[in-house]
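Structure file start-v8.txt (compact mmCIF, C-alpha atoms) is printed below.
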# COMPACT_ATOMS: atom_id res chain seq x y z
CA MET Z 1 148.26 -67.74 -51.47
CA SER Z 2 149.27 -67.69 -47.80
CA VAL Z 3 146.80 -68.09 -44.97
CA ARG Z 4 147.15 -64.47 -43.84
CA ILE Z 5 146.68 -63.11 -47.38
CA PHE Z 6 143.66 -65.34 -47.86
CA VAL Z 7 142.12 -64.07 -44.63
CA ALA Z 8 142.70 -60.45 -45.55
CA ALA Z 9 141.33 -60.92 -49.07
CA ALA Z 10 138.28 -62.77 -47.81
CA MET Z 11 137.49 -60.04 -45.33
CA VAL Z 12 137.76 -57.32 -47.97
CA SER Z 13 135.58 -59.24 -50.43
CA ALA Z 14 132.98 -59.93 -47.77
CA LEU Z 15 132.92 -56.31 -46.74
CA VAL Z 16 132.32 -55.17 -50.32
CA LEU Z 17 129.50 -57.68 -50.74
CA GLY Z 18 128.02 -56.87 -47.38
CA ILE Z 19 128.15 -60.49 -46.22
CA ASN Z 20 131.00 -60.30 -43.73
CA ARG Z 21 128.96 -60.87 -40.58
CA PRO Z 22 129.35 -64.67 -40.28
CA ALA Z 23 133.15 -64.55 -40.73
CA MET Z 24 133.44 -61.65 -38.30
CA ALA Z 25 131.28 -63.49 -35.79
CA ASP Z 26 133.50 -66.57 -36.03
CA ALA Z 27 136.60 -64.52 -35.18
CA GLU Z 28 134.71 -62.82 -32.35
CA THR Z 29 133.53 -66.05 -30.76
CA TYR Z 30 136.16 -68.67 -31.70
CA TYR Z 31 138.04 -68.43 -28.41
CA GLU Z 32 135.07 -67.95 -26.09
CA GLY Z 33 135.34 -70.30 -23.11
CA LYS Z 34 138.63 -71.78 -24.40
CA THR Z 35 142.17 -71.95 -23.09
CA ILE Z 36 145.24 -71.04 -25.12
CA ARG Z 37 148.34 -72.99 -24.11
CA ILE Z 38 151.70 -71.36 -24.79
CA ILE Z 39 154.61 -73.81 -24.91
CA ILE Z 40 157.93 -72.33 -23.78
CA PRO Z 41 160.67 -74.84 -24.64
CA PHE Z 42 163.23 -73.35 -22.24
CA SER Z 43 163.56 -73.11 -18.46
CA ALA Z 44 161.82 -70.53 -16.33
CA GLY Z 45 163.62 -67.25 -15.80
CA GLY Z 46 165.46 -67.01 -19.12
CA GLY Z 47 164.87 -64.44 -21.83
CA THR Z 48 162.51 -66.61 -23.90
CA ASP Z 49 160.51 -67.56 -20.83
CA THR Z 50 160.26 -63.93 -19.75
CA PHE Z 51 159.02 -62.89 -23.18
CA GLY Z 52 156.50 -65.73 -23.39
CA ARG Z 53 155.04 -65.00 -19.96
CA TYR Z 54 154.93 -61.28 -20.72
CA ILE Z 55 152.76 -61.95 -23.78
CA ALA Z 56 150.67 -64.54 -21.92
CA GLN Z 57 149.89 -62.00 -19.21
CA PHE Z 58 148.12 -59.68 -21.65
CA LEU Z 59 147.04 -61.74 -24.67
CA GLY Z 60 143.82 -63.20 -23.24
CA LYS Z 61 142.61 -59.76 -22.29
CA HIS Z 62 142.63 -58.64 -25.92
CA VAL Z 63 141.87 -61.70 -28.05
CA PRO Z 64 138.14 -61.70 -28.92
CA GLY Z 65 136.31 -64.03 -26.56
CA ASN Z 66 138.86 -63.38 -23.78
CA PRO Z 67 140.29 -66.92 -23.55
CA THR Z 68 142.33 -68.10 -20.60
CA VAL Z 69 146.04 -68.11 -21.50
CA VAL Z 70 148.43 -70.51 -19.77
CA ALA Z 71 152.20 -70.55 -20.28
CA GLU Z 72 153.95 -73.90 -19.78
CA ASN Z 73 157.65 -74.70 -19.77
CA VAL Z 74 158.31 -77.92 -21.71
CA THR Z 75 162.06 -78.23 -21.37
CA GLY Z 76 164.75 -80.62 -22.49
CA ALA Z 77 167.37 -81.22 -25.19
CA GLY Z 78 168.15 -77.54 -25.66
CA GLY Z 79 164.62 -76.60 -26.62
CA LEU Z 80 163.98 -79.58 -28.89
CA LEU Z 81 161.54 -81.36 -26.59
CA GLY Z 82 158.96 -78.58 -26.40
CA SER Z 83 159.50 -77.54 -30.01
CA ASN Z 84 158.98 -81.07 -31.30
CA GLU Z 85 155.84 -81.46 -29.22
CA PHE Z 86 154.45 -78.31 -30.81
CA ALA Z 87 155.53 -79.41 -34.28
CA GLU Z 88 154.12 -82.93 -34.18
CA ARG Z 89 151.86 -83.61 -31.22
CA VAL Z 90 149.36 -80.78 -30.79
CA ALA Z 91 146.10 -80.11 -32.60
CA ARG Z 92 146.29 -77.42 -35.25
CA ASP Z 93 143.31 -75.55 -33.90
CA GLY Z 94 144.96 -72.35 -32.69
CA LEU Z 95 144.77 -73.39 -29.05
CA THR Z 96 148.52 -74.07 -28.75
CA LEU Z 97 151.23 -71.51 -29.48
CA LEU Z 98 155.03 -71.79 -29.29
CA THR Z 99 157.41 -69.20 -27.89
CA ALA Z 100 160.82 -69.47 -29.54
CA SER Z 101 164.11 -67.62 -29.28
CA GLY Z 102 165.87 -66.16 -32.29
CA HIS Z 103 168.48 -68.89 -32.18
CA LEU Z 104 165.83 -71.62 -31.97
CA ASN Z 105 164.23 -70.05 -35.03
CA LEU Z 106 167.60 -70.21 -36.75
CA ARG Z 107 167.99 -73.88 -35.82
CA ALA Z 108 164.63 -74.55 -37.46
CA PHE Z 109 165.54 -72.42 -40.47
CA LEU Z 110 168.76 -74.37 -41.01
CA GLY Z 111 167.23 -77.78 -40.26
CA LEU Z 112 169.19 -78.77 -37.16
CA GLU Z 113 169.34 -82.53 -36.71
CA GLY Z 114 166.62 -83.74 -34.36
CA LEU Z 115 164.49 -80.59 -34.54
CA ARG Z 116 161.10 -81.17 -36.22
CA LEU Z 117 160.06 -77.53 -36.27
CA LYS Z 118 159.66 -76.13 -39.80
CA LEU Z 119 159.29 -72.38 -40.12
CA ASP Z 120 157.60 -72.62 -43.51
CA GLU Z 121 154.69 -74.36 -41.74
CA LEU Z 122 154.32 -71.62 -39.12
CA THR Z 123 152.97 -68.08 -38.94
CA PRO Z 124 154.34 -65.56 -36.43
CA VAL Z 125 151.84 -63.89 -34.12
CA VAL Z 126 154.12 -61.43 -32.33
CA ALA Z 127 157.87 -60.98 -31.96
CA ALA Z 128 160.40 -58.77 -30.19
CA PRO Z 129 163.89 -57.82 -31.42
CA MET Z 130 167.17 -57.56 -29.55
CA GLY Z 131 170.57 -56.56 -30.84
CA HIS Z 132 174.10 -57.80 -30.19
CA ILE Z 133 177.36 -55.86 -29.91
CA THR Z 134 180.91 -57.09 -30.42
CA ALA Z 135 183.70 -55.56 -28.35
CA LEU Z 136 187.47 -55.77 -28.68
CA ASN Z 137 189.83 -56.16 -25.73
CA ALA Z 138 191.92 -52.99 -26.07
CA LYS Z 139 194.17 -53.81 -23.13
CA ALA Z 140 195.14 -57.23 -24.47
CA THR Z 141 195.51 -56.19 -28.11
CA GLY Z 142 196.82 -52.64 -27.85
CA ILE Z 143 194.25 -51.53 -30.43
CA THR Z 144 192.19 -48.45 -29.64
CA ASP Z 145 190.57 -47.81 -33.04
CA ALA Z 146 188.09 -50.25 -34.55
CA THR Z 147 189.45 -49.67 -38.07
CA GLU Z 148 192.71 -51.34 -36.98
CA PHE Z 149 190.83 -54.58 -36.32
CA LEU Z 150 192.27 -56.48 -39.28
CA GLN Z 151 195.79 -55.99 -37.90
CA LEU Z 152 194.92 -58.80 -35.50
CA ARG Z 153 195.00 -61.53 -38.15
CA GLY Z 154 195.94 -64.75 -36.43
CA ARG Z 155 195.56 -63.25 -32.94
CA VAL Z 156 191.77 -63.12 -32.67
CA THR Z 157 190.32 -65.53 -30.12
CA LYS Z 158 186.57 -66.13 -29.99
CA GLY Z 159 184.94 -68.03 -27.12
CA ILE Z 160 182.45 -70.66 -28.27
CA THR Z 161 179.42 -71.93 -26.39
CA ASP Z 162 176.74 -73.39 -28.66
CA PRO Z 163 177.91 -72.43 -32.18
CA VAL Z 164 174.39 -71.98 -33.54
CA GLY Z 165 173.64 -69.71 -30.59
CA LEU Z 166 176.57 -67.50 -31.63
CA VAL Z 167 176.01 -67.67 -35.35
CA GLU Z 168 175.46 -63.95 -35.95
CA SER Z 169 178.84 -63.15 -34.37
CA ILE Z 170 180.58 -66.03 -36.15
CA VAL Z 171 179.22 -65.02 -39.55
CA ALA Z 172 180.32 -61.44 -38.87
CA LEU Z 173 183.92 -62.60 -38.39
CA GLU Z 174 183.65 -64.63 -41.60
CA MET Z 175 182.39 -61.52 -43.40
CA PHE Z 176 185.56 -59.68 -42.39
CA ASP Z 177 187.58 -62.66 -43.66
CA ILE Z 178 189.82 -62.43 -40.62
CA GLU Z 179 191.60 -65.48 -39.27
CA TYR Z 180 190.30 -66.29 -35.81
CA ARG Z 181 190.72 -69.13 -33.34
CA ALA Z 182 187.56 -70.60 -31.87
CA VAL Z 183 188.01 -71.49 -28.19
CA PRO Z 184 185.38 -74.07 -27.17
CA GLY Z 185 184.09 -75.15 -23.79
CA TYR Z 186 182.30 -72.10 -22.43
CA GLY Z 187 178.94 -72.64 -20.78
CA GLY Z 188 177.27 -69.41 -21.89
CA ARG Z 189 177.79 -65.84 -23.03
CA GLY Z 190 178.35 -64.77 -19.42
CA ASP Z 191 181.33 -67.14 -19.20
CA THR Z 192 182.82 -65.77 -22.42
CA ARG Z 193 182.43 -62.23 -21.08
CA LEU Z 194 184.35 -63.10 -17.92
CA ALA Z 195 187.13 -64.63 -20.04
CA PHE Z 196 187.11 -61.46 -22.15
CA GLU Z 197 187.49 -59.36 -18.99
CA ARG Z 198 190.48 -61.48 -17.97
CA GLY Z 199 192.12 -60.87 -21.34
CA GLU Z 200 191.81 -64.51 -22.44
CA LEU Z 201 189.58 -63.65 -25.42
CA MET Z 202 190.23 -60.84 -27.88
CA VAL Z 203 186.64 -60.35 -29.07
CA ASN Z 204 183.32 -60.94 -27.39
CA THR Z 205 179.71 -60.51 -28.48
CA GLN Z 206 176.94 -59.87 -25.98
CA SER Z 207 173.29 -58.96 -26.28
CA THR Z 208 172.94 -55.19 -26.36
CA PRO Z 209 171.44 -54.99 -22.83
CA ALA Z 210 174.29 -57.15 -21.48
CA TYR Z 211 176.84 -55.03 -23.34
CA LEU Z 212 175.41 -51.80 -21.95
CA ALA Z 213 175.34 -53.19 -18.41
CA ARG Z 214 178.54 -55.25 -18.29
CA VAL Z 215 180.94 -54.19 -21.06
CA VAL Z 216 180.47 -50.41 -21.13
CA PRO Z 217 182.31 -50.10 -17.77
CA MET Z 218 185.32 -51.75 -19.44
CA VAL Z 219 185.04 -49.26 -22.31
CA GLU Z 220 184.90 -46.36 -19.87
CA ASP Z 221 188.04 -47.69 -18.14
CA GLY Z 222 189.88 -47.96 -21.46
CA GLU Z 223 190.07 -51.76 -21.29
CA ALA Z 224 187.78 -52.40 -24.26
CA ILE Z 225 186.36 -50.67 -27.31
CA PRO Z 226 183.09 -51.28 -29.13
CA LEU Z 227 184.02 -52.92 -32.40
CA TYR Z 228 180.62 -53.07 -34.11
CA ALA Z 229 176.98 -53.79 -33.53
CA ILE Z 230 175.56 -56.71 -35.48
CA GLY Z 231 172.74 -54.33 -36.35
CA PHE Z 232 169.76 -54.99 -38.56
CA ILE Z 233 169.19 -55.11 -42.31
CA ASP Z 234 166.47 -52.91 -43.78
CA ALA Z 235 164.02 -53.85 -46.54
CA ASP Z 236 166.52 -52.63 -49.18
CA GLY Z 237 169.34 -54.82 -47.87
CA ASN Z 238 171.23 -51.98 -46.19
CA PRO Z 239 172.59 -52.03 -42.61
CA ALA Z 240 170.50 -50.34 -39.94
CA ARG Z 241 171.88 -49.44 -36.52
CA ASP Z 242 170.74 -50.99 -33.28
CA PRO Z 243 168.10 -48.60 -31.85
CA ALA Z 244 169.34 -49.35 -28.32
CA ALA Z 245 172.91 -48.35 -29.27
CA PRO Z 246 172.62 -45.98 -32.26
CA ASP Z 247 176.09 -44.47 -31.78
CA ILE Z 248 177.85 -47.79 -32.44
CA ILE Z 249 178.48 -48.56 -36.10
CA THR Z 250 177.35 -51.85 -37.57
CA GLY Z 251 179.65 -54.58 -38.84
CA PRO Z 252 178.97 -53.73 -42.51
CA GLU Z 253 179.69 -50.05 -41.80
CA LEU Z 254 183.04 -50.92 -40.21
CA TYR Z 255 183.84 -53.13 -43.19
CA GLN Z 256 183.12 -50.20 -45.48
CA GLN Z 257 185.32 -47.88 -43.42
CA ILE Z 258 188.20 -50.35 -43.66
CA HIS Z 259 187.83 -51.40 -47.31
CA GLY Z 260 186.01 -48.48 -48.91
CA ASP Z 261 183.19 -50.71 -50.16
CA MET Z 262 180.33 -52.63 -48.66
CA PRO Z 263 180.96 -56.36 -48.08
CA SER Z 264 180.04 -58.94 -50.68
CA GLY Z 265 180.18 -62.68 -51.18
CA PRO Z 266 178.58 -65.65 -49.41
CA ALA Z 267 179.40 -64.54 -45.85
CA TRP Z 268 177.71 -61.19 -46.48
CA GLU Z 269 174.64 -62.87 -47.96
CA ALA Z 270 174.46 -65.15 -44.92
CA TYR Z 271 174.96 -62.20 -42.57
CA LYS Z 272 171.95 -60.41 -44.07
CA VAL Z 273 169.74 -63.42 -43.39
CA VAL Z 274 170.94 -64.66 -40.01
CA ALA Z 275 171.40 -61.23 -38.41
CA ASN Z 276 167.82 -60.27 -39.16
CA LEU Z 277 166.42 -63.67 -38.21
CA VAL Z 278 168.22 -63.94 -34.88
CA GLN Z 279 167.80 -60.32 -33.85
CA ASN Z 280 164.30 -59.51 -35.12
CA THR Z 281 162.91 -62.67 -33.58
CA ARG Z 282 164.71 -62.63 -30.22
CA GLY Z 283 161.36 -63.72 -28.85
CA THR Z 284 158.72 -65.04 -31.24
CA MET Z 285 155.28 -66.52 -30.73
CA TRP Z 286 154.31 -68.93 -33.51
CA VAL Z 287 151.13 -70.69 -34.53
CA HIS Z 288 150.64 -73.36 -37.18
CA SER Z 289 149.78 -71.76 -40.53
CA ASP Z 290 146.90 -74.16 -41.15
CA ILE Z 291 144.85 -73.30 -38.06
CA PRO Z 292 141.26 -72.16 -38.81
CA PRO Z 293 141.31 -68.72 -40.49
CA GLU Z 294 138.99 -67.30 -37.85
CA ALA Z 295 141.46 -68.36 -35.14
CA LEU Z 296 144.34 -66.60 -36.88
CA GLU Z 297 142.19 -63.52 -37.40
CA ALA Z 298 141.23 -63.46 -33.72
CA LEU Z 299 144.86 -63.80 -32.62
CA ARG Z 300 145.98 -61.03 -34.93
CA ARG Z 301 143.24 -58.72 -33.73
CA GLY Z 302 144.16 -59.50 -30.16
CA VAL Z 303 147.83 -58.74 -30.72
CA GLU Z 304 147.10 -55.46 -32.47
CA ALA Z 305 144.93 -54.37 -29.54
CA MET Z 306 147.47 -55.65 -27.01
CA VAL Z 307 150.41 -53.68 -28.39
CA GLN Z 308 148.42 -50.47 -27.92
CA ASP Z 309 147.50 -51.25 -24.31
CA PRO Z 310 149.25 -48.72 -22.01
CA GLU Z 311 149.74 -51.40 -19.33
CA PHE Z 312 151.38 -53.73 -21.87
CA ILE Z 313 153.66 -50.92 -23.06
CA ALA Z 314 154.62 -49.95 -19.50
CA ALA Z 315 155.37 -53.57 -18.53
CA GLY Z 316 157.49 -53.95 -21.66
CA GLU Z 317 159.88 -51.16 -20.76
CA LYS Z 318 161.85 -53.61 -18.62
CA THR Z 319 161.01 -56.88 -20.36
CA LEU Z 320 161.86 -55.65 -23.85
CA ALA Z 321 164.99 -53.73 -22.78
CA GLY Z 322 164.13 -50.67 -24.86
CA TYR Z 323 162.95 -52.46 -27.99
CA THR Z 324 159.44 -52.49 -29.44
CA VAL Z 325 157.37 -55.56 -30.28
CA ILE Z 326 156.80 -56.41 -33.93
CA SER Z 327 153.32 -57.32 -35.17
CA GLY Z 328 151.15 -57.16 -38.28
CA ALA Z 329 152.92 -56.02 -41.45
CA GLY Z 330 156.31 -56.09 -39.73
CA LEU Z 331 155.92 -59.80 -39.01
CA ASP Z 332 154.78 -60.45 -42.56
CA GLN Z 333 157.95 -58.80 -43.86
CA ILE Z 334 160.18 -60.95 -41.64
CA LYS Z 335 158.39 -64.13 -42.75
CA ASP Z 336 158.54 -63.12 -46.40
CA GLU Z 337 162.29 -62.49 -46.14
CA LEU Z 338 162.82 -65.92 -44.60
CA ASP Z 339 160.74 -67.58 -47.30
CA ALA Z 340 162.79 -65.77 -49.95
CA ALA Z 341 166.20 -66.63 -48.47
CA PRO Z 342 168.34 -68.26 -51.21
CA ASP Z 343 169.09 -71.96 -50.79
CA GLU Z 344 172.78 -71.21 -51.18
CA VAL Z 345 172.70 -69.09 -48.00
CA VAL Z 346 171.28 -72.02 -46.05
CA THR Z 347 173.82 -74.41 -47.56
CA TRP Z 348 176.76 -72.07 -46.91
CA THR Z 349 175.76 -71.50 -43.27
CA GLN Z 350 175.20 -75.21 -42.68
CA SER Z 351 178.62 -75.99 -44.16
CA LEU Z 352 180.32 -73.36 -42.00
CA LEU Z 353 178.79 -74.72 -38.80
CA THR Z 354 179.44 -78.35 -39.76
CA GLU Z 355 183.02 -77.97 -40.96
CA ARG Z 356 184.23 -75.66 -38.19
CA PHE Z 357 182.10 -76.83 -35.25
CA GLY Z 358 180.70 -80.26 -36.07
CA VAL Z 359 177.03 -79.18 -36.01
CA ARG Z 360 174.79 -81.66 -37.84
CA PHE Z 361 171.73 -80.90 -39.93
CA GLU Z 362 168.93 -82.96 -41.39
CA ASN Z 363 169.82 -82.00 -44.96

Written as structure tokens, how would this file's structure read?
Amino acid sequence: MSVRIFVAAAMVSALVLGINRPAMADAETYYEGKTIRIIIPFSAGGGTDTFGRYIAQFLGKHVPGNPTVVAENVTGAGGLLGSNEFAERVARDGLTLLTASGHLNLRAFLGLEGLRLKLDELTPVVAAPMGHITALNAKATGITDATEFLQLRGRVTKGITDPVGLVESIVALEMFDIEYRAVPGYGGRGDTRLAFERGELMVNTQSTPAYLARVVPMVEDGEAIPLYAIGFIDADGNPARDPAAPDIITGPELYQQIHGDMPSGPAWEAYKVVANLVQNTRGTMWVHSDIPPEALEALRRGVEAMVQDPEFIAAGEKTLAGYTVISGAGLDQIKDELDAAPDEVVTWTQSLLTERFGVRFEN
């Protein structure tokens, strides 16, 4: 039985027996006079830092006991330094939380070499999604209809930064089973976009906000077309469109338009896992699963109150780029899906990243 299920069951049983007051009091007072430290393993100013500081600004106001909340950047080794400190060198008392990006979560999920973070030992407190959209260079390819995409076999060039940081877009290309050439050496997604604008790259994937701001002008000028959104996967395993770009079809939908059937096989199974993990947890705040139950209960109560705070909602309009934070049952569903991910999906994704890009994993 998981920690969160145990807490919920204990509260219900206590309520029925009329003896819930001590447990409730513990959750109400656990954080009184204390300080919650939020480790952000990336530099100030980035997306993960912005999300972490956004939550830190409001969390203490709503957690019972009104603790002081301090966000701290612990940077180095691509996020490993701060993540490993959280994994191995902090007390499991609920006073230290970790803010992670979706791709850092994926690194932990896959067991990246050198990363000590293990998602099966963590419980999410709050998360925020963000989508990604892949565009095709119409000017360079001469293609103006997304269904003609597979005509580019052998001509597709994909700019590569950190392969794990691009995994949702890489797995999407594998799902289409289209031959593509990975072009390494780019410093970030912004660099790949500039190369895409110059016609050096045939396809390019950006976060949805970046696509809307930077790539849509190319679409309007006829220089590019939206190929597909990575999209989300619903509880039944079906594709769901990006709420920030609902008019753009998802990768699985485009596959179905081209082939007449939904995708299948190992790349599709991997897509269903990594797309949801990366995109649903664009920003995630984690706590160790074995913290005191009253601490977890207090944090969860605080988050549920926070997400209903009009000031929090108003501040999130810019920070969250049109998306809505995930808490409570939505977080439980994401965690349950990760826990249920087949071993063969992990193995297949590890093999893809190792064989094509030289990424190394612990197992």

Write out as a PyMOL selection string which residues come within 12 Å of Asp309 in chain Z when counting only C-alpha atoms, dropping same-chain ones fewer than 6 positions away. chain Z and resi 55+58-59+61-62+302-303+315-316

Using Å and a single decimal, report how far CA of Glu179 in chain Z sits from CA of Leu150 in chain Z.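 Interatomic distance here is 9.0 Å.
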
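Going from CA of Pro246 in chain Z over to CA of Pro263 in chain Z, you cover 20.7 Å.
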
If you count all atoms listed in the file, which residues fall within 9 Å of range 96-104 of chain Z, apart from same-chain ones fewer than 3 positions away, as a PyMOL selection string? chain Z and resi 35-42+47-49+51-52+78-80+82-83+86+90-93+107-109+125+129+164-167+277-288

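Distances here use only C-alpha atoms; by that measure, the residue among Z:Ser43, Z:Gly188, Z:Ile133, Z:Asp332 closest to Asp247 in chain Z is Z:Ile133.
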
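For the pair CA of Leu320 in chain Z and CA of Leu173 in chain Z, the interatomic distance is 27.3 Å.
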
How close does range 146-189 of chain Z get to range 222-229 of chain Z? List, as a tab-separated table, each residue of range 146-189 of chain Z within 9 Å, its nearest atom pair and the distance in Å to one decimal, counting all atoms listed in the file.
residue	atom	partner	partner_atom	distance
Z:Ala146	CA	Z:Leu227	CA	5.3
Z:Thr147	CA	Z:Leu227	CA	8.5
Z:Phe149	CA	Z:Leu227	CA	8.0

Convert the current residue selection to file output with C-alpha atoms, as an mmCIF file, in the frame of the given file.
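Output file out.cif is given in full below:
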data_model
loop_
_atom_site.group_PDB
_atom_site.id
_atom_site.type_symbol
_atom_site.label_atom_id
_atom_site.label_comp_id
_atom_site.auth_asym_id
_atom_site.auth_seq_id
_atom_site.Cartn_x
_atom_site.Cartn_y
_atom_site.Cartn_z
ATOM 1 C CA ALA Z 146 188.090 -50.250 -34.550
ATOM 2 C CA THR Z 147 189.450 -49.670 -38.070
ATOM 3 C CA PHE Z 149 190.830 -54.580 -36.320
#

Kindly indicate which residue among Z:Val325, Z:Gly46, Z:Arg198, Z:Gly114 lies nearest to Ala77 in chain Z, using only C-alpha atoms for the distances.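 Of Z:Val325, Z:Gly46, Z:Arg198, Z:Gly114, the one nearest Ala77 in chain Z is Z:Gly114, counting only C-alpha atoms.
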
Non-local contacts of range 298-300 of chain Z (10 Å; only C-alpha atoms; under 6 positions in same chain excluded) as a list of chain:residue names: Z:Arg4, Z:Met24, Z:Asp26, Z:Ala27, Z:Glu28, Z:Thr29, Z:Tyr30, Z:Tyr31, Z:Leu59, Z:Gly60, Z:His62, Z:Val63, Z:Pro64, Z:Gly65, Z:Gly94, Z:Pro124, Z:Val125, Z:Val126, Z:Val287, Z:Met306, Z:Ser327, Z:Gly328

Nearest to Glu121 in chain Z by atom-to-atom distance, counting only C-alpha atoms, from Z:Glu304, Z:Glu88, Z:Asp343, Z:Asp221: Z:Glu88

Pick from Z:Pro310, Z:Gly154, Z:Gly199, Z:Gly185: nearest to Ala140 in chain Z, with all atoms listed in the file counted?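 Between Z:Pro310, Z:Gly154, Z:Gly199, Z:Gly185, the residue approaching Ala140 in chain Z most closely is Z:Gly199.
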
Neighbours of Ile170 in chain Z within 10 Å (only C-alpha atoms; same-chain residues fewer than 2 positions away dropped), as a VMD selection string? chain Z and resid 158 160 163 to 168 172 to 175 180 182 205 267 271 352 to 353

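Of the listed residues (Z:Glu355, Z:Asp242, Z:Glu220, Z:Asp336), Z:Asp242 comes nearest to Tyr323 in chain Z; the distances count all atoms listed in the file.
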
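Of the residues under consideration (Z:Tyr54, Z:Asn105, Z:Ile334, Z:Ile143), Z:Tyr54 shows the shortest atom-to-atom contact distance to Glu311 in chain Z when counting all atoms listed in the file.
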
I'd like the contact shell of Thr141 in chain Z - 10 Å cut-off, all atoms listed in the file, skipping same-chain residues fewer than 3 positions apart - returned as a VMD selection string. chain Z and resid 136 to 138 144 149 151 to 152 155 to 156 199 201 to 203 223 to 224
